[in-house]
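Q: Encoded as structure tokens, here's the structure I'll be asking about.
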Amino acid sequence: MDEETFIRVHLDVTKCLNDVIQSFQEFSHTLMCAAQTLCLQELHHFVQMYVQAEKKQLEKQQPLEKDSVHLLRVISTCRQLRFLAPQLNNPDINNNDDFPNIIHMLEEMEDHVLSIVQKMIKHAAQAFLRHYLKKGGEQIQGLTEEIQKQCASLPQTDVGKEIKQIFVNVSYDCVSRMYLDCLIKSKFSRLKRRWGNVGERISEDILSLHNTFTELNVSADQKNHLLQRLSEVLLHTDVDALKITCCAFFRDFPQESEQYVPGLLRWRGVFSERQVREVLDVSREFSLGLKPRHVTSQPLKGLFCCL
């Protein structure tokens, strides 16, 4: 999508309203303030119509067959209109609900469309990963090819770069979680027969994904280090070393730790159920600031102080 098409909606709205305000500014400051109030009301009316029209259009389309670039354009338009609204709002004059209603509608629409984008990414990632982990014969790079194409179709402007950053961060998060979900549901023994060193292959996959997303967005969210950090759990064969890694992970990613670590530890089949429970107990206690009770070796106690 070319730059003009991508930014046309908010650009036209901004120009129209600013022209009105500037024309009144030539007469007096009082008239300009009155014009701002009227323009805010007009923006409120426009946002209502815009949101309704976009929702109606989305409802006509199949859930997973929507144009992702158009969805990103809608998100960008909502964001730009949200940035415009405060410029028209004068708290000393406006005592109605136009401004908060505008912000609420745009934020709600932005979240709604972003959730659709997430579902599309997860669906595509799941389809690829199920085949990749079950039958093989593909390279992990195929998982990100479509995302790279979508990024390439965005305009190379400040607005385009902003929405690209949002899209890449969301994509990285969705792909990371889907990789973990599909991995845990696959059979470790089958992957071992096909790949040999499963931990090494997973590390290679994760590094490839990280490099791709970092190239797309240098300032990738810190939370997207989730997949890299979790891969460390799969590399340990020593229980005490595993405790150190899991304690740090539970501290930095408490919610994700509960979601993925227990399943990953049991999925590998390297440690007994007693050892798994011990690792989880120590990690949870550490994340809560409690003194771990189940540490079995003296060197590990010293290392806890360094985390």
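Naming works like this for the structure tokens: A, B, ... for the chains as they're shown, residue 1 at the start of each chain, ligands 1 onward in shown order.
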Can you pull out every residue within 12 Å of Met32 of chain A, counting only C-alpha atoms, but drop anything in the same chain fewer than 3 positions away, and send it as JSON, numbers by chain?

A: {"A": [17, 18, 19, 20, 21, 22, 23, 24, 25, 26, 27, 28, 29, 35, 36, 37, 38, 39, 88, 90, 93]}

Q: With C-alpha atoms kept, could you save the residues just selected as a CSV table (one decimal), in the first residue's frame?

A:
```csv
chain,number,residue,atom,x,y,z
A,17,LEU,CA,-10.3,20.7,10.8
A,18,ASN,CA,-7.0,22.7,11.0
A,19,ASP,CA,-8.2,24.8,8.0
A,20,VAL,CA,-11.4,25.7,9.8
A,21,ILE,CA,-9.5,26.7,13.0
A,22,GLN,CA,-6.9,28.7,11.1
A,23,SER,CA,-9.6,30.6,9.2
A,24,PHE,CA,-11.2,31.7,12.5
A,25,GLN,CA,-7.9,32.5,14.0
A,26,GLU,CA,-7.5,35.4,11.6
A,27,PHE,CA,-10.5,37.1,13.3
A,28,SER,CA,-9.9,36.6,17.0
A,29,HIS,CA,-8.7,34.2,19.6
A,35,ALA,CA,-14.0,26.8,16.3
A,36,GLN,CA,-11.9,24.3,18.2
A,37,THR,CA,-15.0,23.2,20.2
A,38,LEU,CA,-17.0,22.8,17.0
A,39,CYS,CA,-14.2,20.9,15.4
A,88,LEU,CA,-8.7,20.3,19.6
A,90,ASN,CA,-9.7,22.9,25.5
A,93,ILE,CA,-14.2,25.6,27.4
```

Q: I'd like the neighbourhood of segment 271-273 of chain A as a ChimeraX atom specification, where a residue qualifies if any of its atoms comes within 12 Å (using only C-alpha atoms), though same-chain residues fewer than 4 positions away should be ignored.

A: /A:233-234,236-240,242,262-267,277-280

Q: Export, as a compact mmCIF listing (two decimals), in the first residue's frame, the selected residues with N, CA and C atoms.

A:
```
# COMPACT_ATOMS: atom_id res chain seq x y z
N VAL A 233 15.93 -23.49 29.40
CA VAL A 233 15.38 -24.55 30.25
C VAL A 233 15.61 -25.92 29.62
N LEU A 234 15.64 -25.96 28.30
CA LEU A 234 15.75 -27.23 27.58
C LEU A 234 17.19 -27.73 27.46
N HIS A 236 19.53 -27.87 30.01
CA HIS A 236 20.14 -28.38 31.24
C HIS A 236 19.90 -29.88 31.44
N THR A 237 20.93 -30.53 31.96
CA THR A 237 20.80 -31.91 32.41
C THR A 237 21.11 -32.01 33.90
N ASP A 238 21.59 -30.91 34.47
CA ASP A 238 21.91 -30.86 35.90
C ASP A 238 20.80 -30.12 36.63
N VAL A 239 20.27 -30.73 37.68
CA VAL A 239 19.13 -30.17 38.40
C VAL A 239 19.46 -28.83 39.04
N ASP A 240 20.62 -28.73 39.68
CA ASP A 240 20.98 -27.49 40.36
C ASP A 240 21.14 -26.33 39.38
N LEU A 242 19.65 -26.13 36.56
CA LEU A 242 18.30 -25.85 36.09
C LEU A 242 17.55 -24.95 37.07
N PRO A 262 6.53 -25.69 33.63
CA PRO A 262 6.18 -27.06 34.06
C PRO A 262 6.01 -28.02 32.89
N GLY A 263 5.34 -27.57 31.84
CA GLY A 263 5.14 -28.42 30.68
C GLY A 263 6.43 -28.76 29.96
N LEU A 264 7.33 -27.78 29.83
CA LEU A 264 8.60 -28.02 29.15
C LEU A 264 9.47 -29.00 29.92
N LEU A 265 9.50 -28.87 31.24
CA LEU A 265 10.33 -29.77 32.05
C LEU A 265 9.84 -31.21 31.94
N ARG A 266 8.53 -31.38 31.96
CA ARG A 266 7.97 -32.74 31.86
C ARG A 266 8.06 -33.26 30.42
N TRP A 267 7.96 -32.36 29.45
CA TRP A 267 8.00 -32.75 28.04
C TRP A 267 9.33 -33.39 27.67
N ARG A 277 9.15 -31.17 40.44
CA ARG A 277 8.43 -30.46 41.51
C ARG A 277 9.39 -29.66 42.38
N GLU A 278 10.56 -30.22 42.62
CA GLU A 278 11.55 -29.52 43.44
C GLU A 278 12.03 -28.24 42.75
N VAL A 279 12.30 -28.33 41.46
CA VAL A 279 12.72 -27.16 40.69
C VAL A 279 11.63 -26.09 40.70
N LEU A 280 10.39 -26.50 40.50
CA LEU A 280 9.28 -25.55 40.47
C LEU A 280 9.06 -24.91 41.84
```

Q: Just the residues within 12 Å of segment 121-130 of chain A, please, counting only C-alpha atoms, with nothing from its chain fewer than 6 positions along; format it as a PyMOL selection string.

A: chain A and resi 63-66+68+114-115+136-147+150+167-187+205

Q: Out of A:Glu59, A:Asp97, A:Asp67, A:Asp92, which residue has the shortest atom-to-atom distance to Gln41 of chain A when counting only C-alpha atoms?

A: A:Asp97

Q: A:Ala248, A:Ile116, A:Val276, A:Val9: which is nearest Ser76 of chain A, counting only C-alpha atoms?

A: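 Under the stated criterion, the closest residue is A:Val9.
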
Q: Where in segment 54-286 of chain A does DSSP assign alpha helix (DSSP H), given as a PyMOL selection string?

A: chain A and resi 54-60+68-88+98-134+145-152+158-185+188-195+198-216+226-231+239-252+254-268+273-286

Q: Have a look at A:Leu43, A:Arg201, A:Leu227, A:Lys134 and name the one nearest to Asn89 of chain A; count only C-alpha atoms.

A: A:Leu43

Q: Please indicate the distance in Å from atom CA of Gln165 of chain A to atom CA of Thr5 of chain A, rounded to one decimal place.

A: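 Taking atom CA of Gln165 of chain A as the start and atom CA of Thr5 of chain A as the end point, the length is 19.3 Å.
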
Q: Atom CA of Arg193 of chain A to atom CA of His210 of chain A: how many Å, to one decimal?

A: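 Distance reported for this atom pair: 25.7 Å.
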
Q: So, with only C-alpha atoms as the atoms that count, which of A:Val198, A:Val270, A:Cys78, A:Cys16 lies closest to Val159 of chain A?

A: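 Ranking A:Val198, A:Val270, A:Cys78, A:Cys16 by distance to Val159 of chain A, first place goes to A:Cys78.
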
Q: Please provide as a list in words all residues within 10 Å of Thr77 of chain A, with the sequence filter that same-chain residues fewer than 4 positions apart are discarded (counting only C-alpha atoms).

A: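 In the requested format, the answer is Phe6, Ile7, Arg8, Val9, His10, Leu11, Leu71, Leu72, Arg73, Leu81, Arg82, Phe83, Leu106, Glu110, Val159 and Ile163 of chain A.
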